[in-house]
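Heads up, data_10.csv below (CSV, C-alpha atoms (C1' of nucleotides)):
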```csv
chain,number,residue,atom,x,y,z
D,1,MET,CA,0.0,0.0,0.0
D,2,PRO,CA,2.4,2.5,1.1
D,3,GLU,CA,3.6,4.5,-1.9
D,4,LEU,CA,6.5,6.8,-2.1
D,5,PRO,CA,5.2,9.5,0.3
D,6,GLU,CA,4.3,7.0,3.0
D,7,VAL,CA,7.7,5.3,2.8
D,8,GLN,CA,9.5,8.6,2.8
D,9,THR,CA,7.5,9.6,5.9
D,10,VAL,CA,8.6,6.4,7.6
D,11,VAL,CA,12.2,7.1,6.7
D,12,ASN,CA,12.0,10.7,7.9
D,13,GLY,CA,10.5,9.4,11.1
D,14,ILE,CA,12.9,6.6,12.0
D,15,LYS,CA,16.1,8.2,10.7
D,16,SER,CA,16.8,10.5,13.6
D,17,LYS,CA,15.7,7.9,16.1
D,18,ILE,CA,18.0,5.1,15.1
D,19,LYS,CA,20.9,6.8,13.4
D,20,ASN,CA,24.2,6.0,15.3
D,21,HIS,CA,22.4,3.5,17.5
D,22,LYS,CA,23.7,0.0,17.8
D,23,VAL,CA,21.7,-3.1,17.0
D,24,LEU,CA,21.8,-5.5,20.0
D,25,LYS,CA,19.7,-8.3,18.5
D,26,LEU,CA,16.9,-9.0,15.9
D,27,LYS,CA,14.1,-11.3,16.7
D,28,LYS,CA,11.7,-12.7,14.1
D,29,TYR,CA,8.4,-14.2,15.1
D,30,ILE,CA,7.6,-15.7,11.7
D,31,ASN,CA,9.7,-17.4,9.1
D,32,LYS,CA,8.1,-16.0,6.0
D,33,LEU,CA,6.6,-12.7,4.9
D,34,ARG,CA,6.3,-12.4,1.1
D,35,TYR,CA,9.4,-14.5,0.9
D,36,PRO,CA,11.2,-16.8,3.4
D,37,ILE,CA,13.1,-14.6,5.8
D,38,GLN,CA,16.9,-15.2,5.8
D,39,LYS,CA,17.8,-17.6,8.5
D,40,ASP,CA,20.9,-15.6,9.5
D,41,LEU,CA,19.2,-12.2,9.4
D,42,SER,CA,19.9,-11.6,13.1
D,43,SER,CA,23.6,-12.5,13.0
D,44,LYS,CA,24.0,-10.2,9.9
D,45,VAL,CA,22.9,-7.1,11.8
D,46,LYS,CA,24.0,-7.9,15.3
D,47,ASP,CA,26.4,-5.4,17.0
D,48,CYS,CA,26.3,-3.0,14.0
D,49,LYS,CA,25.7,0.7,14.1
D,50,VAL,CA,23.1,2.4,11.9
D,51,ILE,CA,25.0,4.7,9.5
D,52,THR,CA,22.2,6.1,7.4
D,53,VAL,CA,18.5,5.5,6.6
D,54,PHE,CA,17.1,6.4,3.2
D,55,ARG,CA,14.5,5.5,0.6
D,56,ARG,CA,14.9,4.1,-2.9
D,57,ALA,CA,11.6,3.4,-4.7
D,58,LYS,CA,9.3,2.0,-2.1
D,59,TYR,CA,12.1,0.4,-0.1
D,60,ILE,CA,13.5,1.6,3.2
D,61,ILE,CA,17.3,1.1,3.3
D,62,ILE,CA,19.2,1.1,6.5
D,63,ASN,CA,23.0,1.1,6.0
D,64,LEU,CA,25.0,-0.6,8.7
D,65,SER,CA,28.6,-0.2,9.9
D,66,ASN,CA,29.5,-3.7,8.6
D,67,ASN,CA,29.0,-2.7,5.0
D,68,LYS,CA,25.7,-4.4,4.9
D,69,SER,CA,22.2,-2.9,4.3
D,70,LEU,CA,19.0,-3.9,5.9
D,71,ILE,CA,16.2,-3.5,3.4
D,72,ILE,CA,12.5,-3.3,4.3
D,73,HIS,CA,9.5,-3.2,1.9
D,74,LEU,CA,6.2,-2.5,3.5
D,75,GLY,CA,4.1,-4.3,0.9
D,76,MET,CA,0.4,-3.5,1.2
D,77,SER,CA,-0.1,-3.3,5.0
D,78,GLY,CA,3.3,-2.9,6.5
D,79,ARG,CA,4.2,-0.5,9.2
D,80,VAL,CA,7.3,0.4,11.1
D,81,ILE,CA,7.2,1.9,14.6
D,82,ILE,CA,10.0,2.7,17.0
D,83,VAL,CA,9.1,2.2,20.6
D,84,LYS,CA,10.9,2.6,23.9
D,85,ASN,CA,11.1,-0.5,26.1
D,86,ASN,CA,8.9,-2.7,23.8
D,87,LYS,CA,6.1,-2.9,26.3
D,88,LYS,CA,3.5,-3.8,23.7
D,89,ILE,CA,4.0,-6.4,20.9
D,90,TYR,CA,1.1,-6.1,18.4
D,91,LYS,CA,-0.7,-9.0,16.9
D,92,HIS,CA,1.0,-8.7,13.6
D,93,THR,CA,4.5,-7.7,14.7
D,94,HIS,CA,6.7,-10.1,12.8
D,95,ILE,CA,10.2,-8.6,13.5
D,96,CYS,CA,11.6,-6.7,16.4
D,97,ILE,CA,15.0,-5.0,16.2
D,98,PHE,CA,16.4,-4.2,19.6
D,99,PHE,CA,18.8,-1.2,19.7
D,100,ASP,CA,20.8,0.3,22.6
D,101,GLN,CA,19.0,2.6,25.0
D,102,ASN,CA,15.9,0.3,24.9
D,103,LEU,CA,14.8,1.4,21.5
D,104,VAL,CA,13.0,-1.2,19.5
D,105,LEU,CA,11.9,-1.1,15.9
D,106,GLN,CA,8.8,-3.2,15.2
D,107,PHE,CA,7.8,-4.3,11.8
D,108,ILE,CA,4.1,-4.9,11.7
D,109,ASP,CA,2.4,-6.4,8.7
D,110,PRO,CA,-1.1,-8.0,8.8
D,111,ARG,CA,-1.2,-9.2,5.2
D,112,ARG,CA,2.5,-10.3,5.2
D,113,PHE,CA,3.2,-8.9,1.7
D,114,GLY,CA,6.2,-7.1,3.1
D,115,ASN,CA,9.8,-8.1,2.5
D,116,ILE,CA,12.9,-7.7,4.7
D,117,PHE,CA,16.4,-8.8,4.0
D,118,VAL,CA,20.1,-8.0,4.4
D,119,THR,CA,22.6,-7.7,1.6
D,120,GLU,CA,26.1,-6.3,1.1
D,121,THR,CA,25.7,-2.6,0.5
D,122,SER,CA,28.0,-2.8,-2.5
D,123,LEU,CA,25.8,-5.5,-4.1
D,124,LEU,CA,22.5,-3.6,-3.6
D,125,LYS,CA,22.3,-2.0,-7.0
D,126,ASN,CA,22.6,-5.4,-8.7
D,127,ASN,CA,20.2,-7.1,-6.3
D,128,LYS,CA,17.2,-8.6,-8.1
D,129,PHE,CA,14.8,-6.2,-6.4
D,130,PHE,CA,16.8,-3.2,-7.3
D,131,ARG,CA,18.5,-3.7,-10.6
D,132,ASP,CA,15.4,-3.0,-12.7
D,133,LEU,CA,14.0,0.0,-10.8
D,134,GLY,CA,13.2,3.1,-12.8
D,135,VAL,CA,13.9,6.7,-12.1
D,136,GLU,CA,13.1,8.5,-8.9
D,137,PRO,CA,10.1,10.8,-9.6
D,138,LEU,CA,11.3,13.6,-7.4
D,139,SER,CA,14.7,13.7,-9.1
D,140,GLY,CA,15.7,15.5,-12.2
D,141,GLN,CA,15.7,12.1,-14.0
D,142,LEU,CA,11.9,12.3,-14.3
D,143,ASN,CA,11.5,15.1,-16.8
D,144,PHE,CA,9.6,15.9,-20.0
D,145,LYS,CA,12.2,14.3,-22.2
D,146,TYR,CA,12.2,11.0,-20.2
D,147,LEU,CA,8.5,10.7,-20.1
D,148,SER,CA,7.7,11.6,-23.7
D,149,ASN,CA,10.4,9.2,-24.9
D,150,LEU,CA,9.0,6.5,-22.6
D,151,VAL,CA,5.3,6.7,-23.5
D,152,GLN,CA,6.1,6.9,-27.3
D,153,SER,CA,6.7,3.2,-27.7
D,154,LYS,CA,4.1,2.0,-25.2
D,155,LYS,CA,0.8,0.4,-26.0
D,156,SER,CA,-0.5,0.1,-22.4
D,157,PRO,CA,-2.7,2.6,-20.6
D,158,ILE,CA,-0.8,5.7,-19.2
D,159,LYS,CA,-1.8,4.7,-15.7
D,160,ASN,CA,0.0,1.4,-16.0
D,161,ILE,CA,3.1,3.1,-17.4
D,162,ILE,CA,3.4,5.6,-14.5
D,163,MET,CA,2.8,2.9,-12.0
D,164,ASN,CA,5.3,0.5,-13.5
D,165,GLN,CA,8.3,0.5,-11.2
D,166,LYS,CA,10.6,-0.4,-14.1
D,167,TYR,CA,10.0,3.0,-15.5
D,168,ILE,CA,9.1,5.4,-12.6
D,169,VAL,CA,9.3,4.2,-9.0
D,170,GLY,CA,7.2,5.1,-6.1
D,171,VAL,CA,3.9,5.9,-7.8
D,172,GLY,CA,1.2,3.5,-6.8
D,173,ASN,CA,-2.5,3.2,-7.3
D,174,ILE,CA,-3.6,6.2,-5.4
D,175,TYR,CA,-1.1,8.7,-6.7
D,176,ALA,CA,-1.4,7.5,-10.2
D,177,SER,CA,-5.1,8.4,-10.2
D,178,GLU,CA,-4.4,11.7,-8.5
D,179,ALA,CA,-1.6,12.7,-10.9
D,180,LEU,CA,-3.7,11.9,-13.9
D,181,PHE,CA,-6.6,14.0,-12.6
D,182,LEU,CA,-4.3,16.9,-12.0
D,183,SER,CA,-3.0,16.7,-15.5
D,184,GLY,CA,-6.4,16.2,-17.1
D,185,ILE,CA,-5.5,12.9,-18.7
D,186,ASN,CA,-7.8,9.9,-18.9
D,187,PRO,CA,-6.1,7.0,-17.2
D,188,SER,CA,-7.1,4.6,-20.0
D,189,ASN,CA,-5.3,6.6,-22.7
D,190,ILE,CA,-2.7,4.5,-24.4
D,191,GLY,CA,0.9,5.6,-23.9
D,192,ASN,CA,1.7,6.4,-27.5
D,193,SER,CA,-1.4,8.7,-27.7
D,194,ILE,CA,-0.1,11.0,-25.0
D,195,THR,CA,0.8,14.4,-26.4
D,196,LYS,CA,3.9,16.5,-25.6
D,197,SER,CA,1.8,18.9,-23.6
D,198,ASP,CA,0.2,16.1,-21.6
D,199,CYS,CA,3.8,14.9,-20.8
D,200,ILE,CA,4.7,18.3,-19.5
D,201,LYS,CA,1.6,18.4,-17.3
D,202,LEU,CA,2.0,14.9,-16.1
D,203,VAL,CA,5.6,15.2,-15.0
D,204,LYS,CA,4.6,18.3,-13.0
D,205,ALA,CA,1.6,16.6,-11.6
D,206,ILE,CA,3.5,13.5,-10.4
D,207,LYS,CA,6.1,15.6,-8.6
D,208,PHE,CA,3.5,18.0,-7.2
D,209,VAL,CA,1.2,15.3,-5.8
D,210,LEU,CA,4.1,13.3,-4.2
D,211,ARG,CA,5.6,16.4,-2.7
D,212,GLU,CA,2.3,17.6,-1.2
D,213,ALA,CA,1.7,14.1,0.2
D,214,ILE,CA,5.1,14.0,1.8
D,215,LYS,CA,4.5,17.5,3.3
D,216,LEU,CA,1.3,16.1,4.9
D,217,GLY,CA,3.0,13.0,6.2
D,218,GLY,CA,1.7,10.6,3.6
D,219,SER,CA,-1.9,9.7,2.9
D,220,SER,CA,-2.8,6.7,5.1
D,221,ILE,CA,-5.9,4.8,4.7
D,222,ASN,CA,-7.4,2.3,7.1
D,223,ASP,CA,-4.7,0.5,8.9
D,224,HIS,CA,-1.6,2.3,7.6
D,225,THR,CA,-0.5,4.7,10.3
D,226,MET,CA,2.6,6.9,10.4
D,227,ILE,CA,5.7,6.4,12.5
D,228,SER,CA,4.2,8.4,15.3
D,229,GLY,CA,1.1,6.2,15.1
D,230,LYS,CA,-0.8,9.2,13.7
D,231,MET,CA,-2.5,9.0,10.4
D,232,GLY,CA,-1.4,11.2,7.5
D,233,TYR,CA,-3.6,14.0,6.3
D,234,PHE,CA,-3.2,13.8,2.6
D,235,GLN,CA,-6.2,11.4,2.4
D,236,ASN,CA,-8.4,14.5,3.0
D,237,LYS,CA,-6.8,16.1,-0.1
D,238,LEU,CA,-7.5,13.3,-2.5
D,239,LYS,CA,-9.3,14.6,-5.6
D,240,VAL,CA,-10.5,11.4,-7.1
D,241,TYR,CA,-9.2,8.3,-5.3
D,242,GLY,CA,-11.9,6.6,-3.4
D,243,ARG,CA,-14.5,9.3,-4.4
D,244,GLU,CA,-16.7,7.2,-6.7
D,245,GLY,CA,-20.1,8.9,-7.2
D,246,LEU,CA,-19.0,12.1,-5.4
D,247,LYS,CA,-18.7,15.4,-7.2
D,248,CYS,CA,-15.5,16.4,-9.0
D,249,ARG,CA,-13.7,18.9,-6.8
D,250,LYS,CA,-13.1,21.2,-9.7
D,251,ARG,CA,-15.5,24.0,-9.0
D,252,THR,CA,-16.6,24.5,-12.5
D,253,CYS,CA,-17.2,20.8,-13.1
D,254,GLN,CA,-19.1,19.0,-10.4
D,255,SER,CA,-19.5,15.8,-12.5
D,256,PRO,CA,-19.6,12.6,-10.5
D,257,ILE,CA,-16.2,10.7,-10.2
D,258,ILE,CA,-16.2,7.4,-12.0
D,259,ARG,CA,-14.5,4.2,-10.8
D,260,ILE,CA,-13.2,1.8,-13.5
D,261,VAL,CA,-10.8,-1.1,-13.3
D,262,ILE,CA,-7.5,-1.0,-15.2
D,263,ALA,CA,-5.1,-3.9,-14.9
D,264,GLN,CA,-7.2,-5.3,-12.0
D,265,ARG,CA,-6.8,-2.1,-10.0
D,266,SER,CA,-9.5,0.4,-9.0
D,267,THR,CA,-9.0,3.6,-11.0
D,268,PHE,CA,-10.9,6.9,-10.3
D,269,TYR,CA,-11.3,9.8,-12.7
D,270,CYS,CA,-13.5,12.6,-13.9
D,271,VAL,CA,-15.0,11.9,-17.3
D,272,ARG,CA,-15.4,15.6,-17.9
D,273,CYS,CA,-12.0,16.9,-16.7
D,274,GLN,CA,-9.9,14.0,-18.1
D,275,LYS,CA,-10.0,13.4,-21.8
P,276,DC,C1',10.4,-8.4,-26.1
P,277,DA,C1',5.9,-6.0,-24.3
P,278,DC,C1',2.2,-6.6,-21.9
P,279,DT,C1',-1.6,-8.9,-18.8
P,280,DC,C1',-3.0,-12.0,-15.2
P,281,DT,C1',-2.7,-14.5,-10.9
P,282,DC,C1',-1.6,-15.0,-6.5
P,283,DC,C1',0.5,-14.3,-1.9
P,284,DC,C1',-2.5,-12.9,3.1
P,285,DT,C1',-5.6,-10.9,6.7
P,286,DG,C1',-9.2,-7.8,8.0
P,287,DA,C1',-12.6,-4.2,7.1
P,288,DA,C1',-16.8,-3.3,5.0
P,289,DA,C1',-20.7,-4.4,2.4
P,290,DG,C1',-24.3,-7.7,1.3
P,291,DC,C1',-27.8,-10.8,2.9
N,292,DT,C1',-27.1,-9.9,15.0
N,293,DG,C1',-24.1,-13.0,12.4
N,294,DC,C1',-22.5,-15.4,8.4
N,295,DT,C1',-20.7,-14.9,3.6
N,296,DT,C1',-18.7,-12.3,0.1
N,297,DT,C1',-16.0,-8.6,-1.8
N,298,DC,C1',-12.3,-5.8,-1.9
N,299,DA,C1',-7.7,-3.5,-0.5
N,300,DG,C1',-2.6,0.7,-1.4
N,301,DG,C1',2.4,-4.1,-4.2
N,302,DG,C1',4.8,-6.6,-7.3
N,303,DA,C1',7.3,-11.1,-8.8
N,304,DG,C1',6.6,-14.6,-11.8
N,305,DA,C1',3.9,-17.1,-14.9
N,306,DG,C1',1.3,-16.8,-19.0
N,307,DT,C1',0.0,-14.9,-23.7
```

Take the structure in the file and give it back as structure tokens.
Amino acid sequence: MPELPEVQTVVNGIKSKIKNHKVLKLKKYINKLRYPIQKDLSSKVKDCKVITVFRRAKYIIINLSNNKSLIIHLGMSGRVIIVKNNKKIYKHTHICIFFDQNLVLQFIDPRRFGNIFVTETSLLKNNKFFRDLGVEPLSGQLNFKYLSNLVQSKKSPIKNIIMNQKYIVGVGNIYASEALFLSGINPSNIGNSITKSDCIKLVKAIKFVLREAIKLGGSSINDHTMISGKMGYFQNKLKVYGREGLKCRKRTCQSPIIRIVIAQRSTFYCVRCQK
DNA sequence: CACTCTCCCTGAAAGC
DNA sequence: TGCTTTCAGGGAGAGT
């Protein structure tokens, strides 16, 4: 579930709390999330210090002092919280990482679509989960030239293209619908039919919607709560996602928002504003 | 190669 | 009220 803004919010939240702290031990309460969990996960992180915490695509990367990186993907329902003294272990807490000063990182994931593993930091870019990742949408790598060149040869709907992590990372089902609304593009439009001016608008819209969501601490829905345990506020700003039947928020429009399914995913848009 | 479909899992919400 | 069905934000791997 969590898309780029939610993952970035988690990173921002845990970074200052665990940076320079030492891992005392790691405990797992389950052997498999989306994939089997490495048997020696604990020994790979034990006694190491956290050097940096950052995000790549929808992955949280924790670089350690032994030249290894701990990678966490939240899947659909994953959460990470940092607690003091570990008084409460939640029903779906699958991993606890114990740091010095009684700090504990809990990885909570009801649906168990998450992923956690350790790899040599130097091997990360060649790792199978990382080697095919596309450009970071908030970097200069996502620009008009990149997008227009990308869509030119594509025969799939524009929504699929911008959600495909091979091309652009971090954009998931919510922000894809939102960015397409902001740029006035129908999500079903085929890549090679997207005009130059649409590309300019779409690049701007993707960056805008992701930045706004990060500012508001990610848009959490249902069970996804922020690092502090507080929900994000961007969900109140959603223009189309989850608003089937409600009026388009563009003042001059007011048409009902439509829900369709593209590639087995709910897609929301305004028939009048998005051509 | 490009693209679509299925499936992993639990729980919330809707339907009856 | 309670039981059953539907649906959920990701994405790898199989299938076309």

- Query: Using all atoms listed in the file, which chain D residues lie at most 9 Å away from chain P, written as JSON, numbers by chain?
  - Reply: {"D": [34, 110, 111, 112, 113, 154, 155, 156, 222, 263, 264]}

Residues of chain D were defined as contacting chain N if any atom lay at most 9 Å from it, counting only C-alpha atoms (C1' of nucleotides); please report them as a PDB file with C-alpha atoms, in the frame of the given file.
```
ATOM      1  CA  MET D   1       0.000   0.000   0.000  1.00  0.00           C
ATOM      2  CA  PRO D   2       2.400   2.500   1.100  1.00  0.00           C
ATOM      3  CA  GLU D   3       3.600   4.500  -1.900  1.00  0.00           C
ATOM      4  CA  LEU D  74       6.200  -2.500   3.500  1.00  0.00           C
ATOM      5  CA  GLY D  75       4.100  -4.300   0.900  1.00  0.00           C
ATOM      6  CA  MET D  76       0.400  -3.500   1.200  1.00  0.00           C
ATOM      7  CA  SER D  77      -0.100  -3.300   5.000  1.00  0.00           C
ATOM      8  CA  PHE D 113       3.200  -8.900   1.700  1.00  0.00           C
ATOM      9  CA  GLY D 114       6.200  -7.100   3.100  1.00  0.00           C
ATOM     10  CA  GLN D 165       8.300   0.500 -11.200  1.00  0.00           C
ATOM     11  CA  GLY D 172       1.200   3.500  -6.800  1.00  0.00           C
ATOM     12  CA  ASN D 173      -2.500   3.200  -7.300  1.00  0.00           C
ATOM     13  CA  ILE D 174      -3.600   6.200  -5.400  1.00  0.00           C
ATOM     14  CA  SER D 220      -2.800   6.700   5.100  1.00  0.00           C
ATOM     15  CA  ILE D 221      -5.900   4.800   4.700  1.00  0.00           C
TER      16      ILE D 221
END
```

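What separates atom CA of Tyr35 of chain D from atom CA of Val11 of chain D is a distance of 22.5 Å.
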
- Two-atom distance - atom CA of Val80 of chain D, atom CA of Leu105 of chain D (Å):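 Separation of atom CA of Val80 of chain D and atom CA of Leu105 of chain D: 6.8 Å.
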
How big is the axis-aligned box around all listed atoms of segment 292-306 of chain N once 6 Å goes on each side, and where's its centre, in Å to one decimal, as AutoDock Vina command-line options?
```
--center_x -9.9 --center_y -8.2 --center_z -2.0 --size_x 46.4 --size_y 29.8 --size_z 46.0
```

- State, in Å with one decimal place, the distance from atom CA of Ile257 of chain D to atom CA of Ile206 of chain D.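 Answer for the atom CA of Ile257 of chain D to atom CA of Ile206 of chain D separation: 19.9 Å.
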
Anything within 10 Å of (19.1, 3.7, -1.9): list those residues as a PDB file with C-alpha atoms, in the frame of the given file, counting all atoms listed in the file and sticking to the file's coordinates.
```
ATOM      1  CA  VAL D  53      18.500   5.500   6.600  1.00  0.00           C
ATOM      2  CA  PHE D  54      17.100   6.400   3.200  1.00  0.00           C
ATOM      3  CA  ARG D  55      14.500   5.500   0.600  1.00  0.00           C
ATOM      4  CA  ARG D  56      14.900   4.100  -2.900  1.00  0.00           C
ATOM      5  CA  ALA D  57      11.600   3.400  -4.700  1.00  0.00           C
ATOM      6  CA  LYS D  58       9.300   2.000  -2.100  1.00  0.00           C
ATOM      7  CA  TYR D  59      12.100   0.400  -0.100  1.00  0.00           C
ATOM      8  CA  ILE D  60      13.500   1.600   3.200  1.00  0.00           C
ATOM      9  CA  ILE D  61      17.300   1.100   3.300  1.00  0.00           C
ATOM     10  CA  ILE D  62      19.200   1.100   6.500  1.00  0.00           C
ATOM     11  CA  ASN D  63      23.000   1.100   6.000  1.00  0.00           C
ATOM     12  CA  SER D  69      22.200  -2.900   4.300  1.00  0.00           C
ATOM     13  CA  ILE D  71      16.200  -3.500   3.400  1.00  0.00           C
ATOM     14  CA  THR D 121      25.700  -2.600   0.500  1.00  0.00           C
ATOM     15  CA  LEU D 124      22.500  -3.600  -3.600  1.00  0.00           C
ATOM     16  CA  LYS D 125      22.300  -2.000  -7.000  1.00  0.00           C
ATOM     17  CA  PHE D 130      16.800  -3.200  -7.300  1.00  0.00           C
TER      18      PHE D 130
END
```

- Note on the structure: Residue with the minimum atom-to-atom distance to Ile258 of chain D, picked from D:Ser197, D:Ser122, D:Asn127, D:Ser177 with only C-alpha atoms counted, is D:Ser177

Restrict the output to chain P and C-alpha atoms (C1' of nucleotides), then write it as a compact mmCIF listing (two decimals), in the first residue's frame.
```
# COMPACT_ATOMS: atom_id res chain seq x y z
C1' DC P 276 10.35 -8.36 -26.07
C1' DA P 277 5.88 -6.02 -24.33
C1' DC P 278 2.18 -6.61 -21.89
C1' DT P 279 -1.56 -8.90 -18.81
C1' DC P 280 -3.05 -11.96 -15.21
C1' DT P 281 -2.66 -14.53 -10.87
C1' DC P 282 -1.57 -15.01 -6.49
C1' DC P 283 0.54 -14.30 -1.87
C1' DC P 284 -2.50 -12.92 3.10
C1' DT P 285 -5.64 -10.85 6.68
C1' DG P 286 -9.20 -7.85 7.99
C1' DA P 287 -12.61 -4.21 7.14
C1' DA P 288 -16.79 -3.26 5.02
C1' DA P 289 -20.67 -4.43 2.41
C1' DG P 290 -24.30 -7.68 1.29
C1' DC P 291 -27.78 -10.79 2.87
```
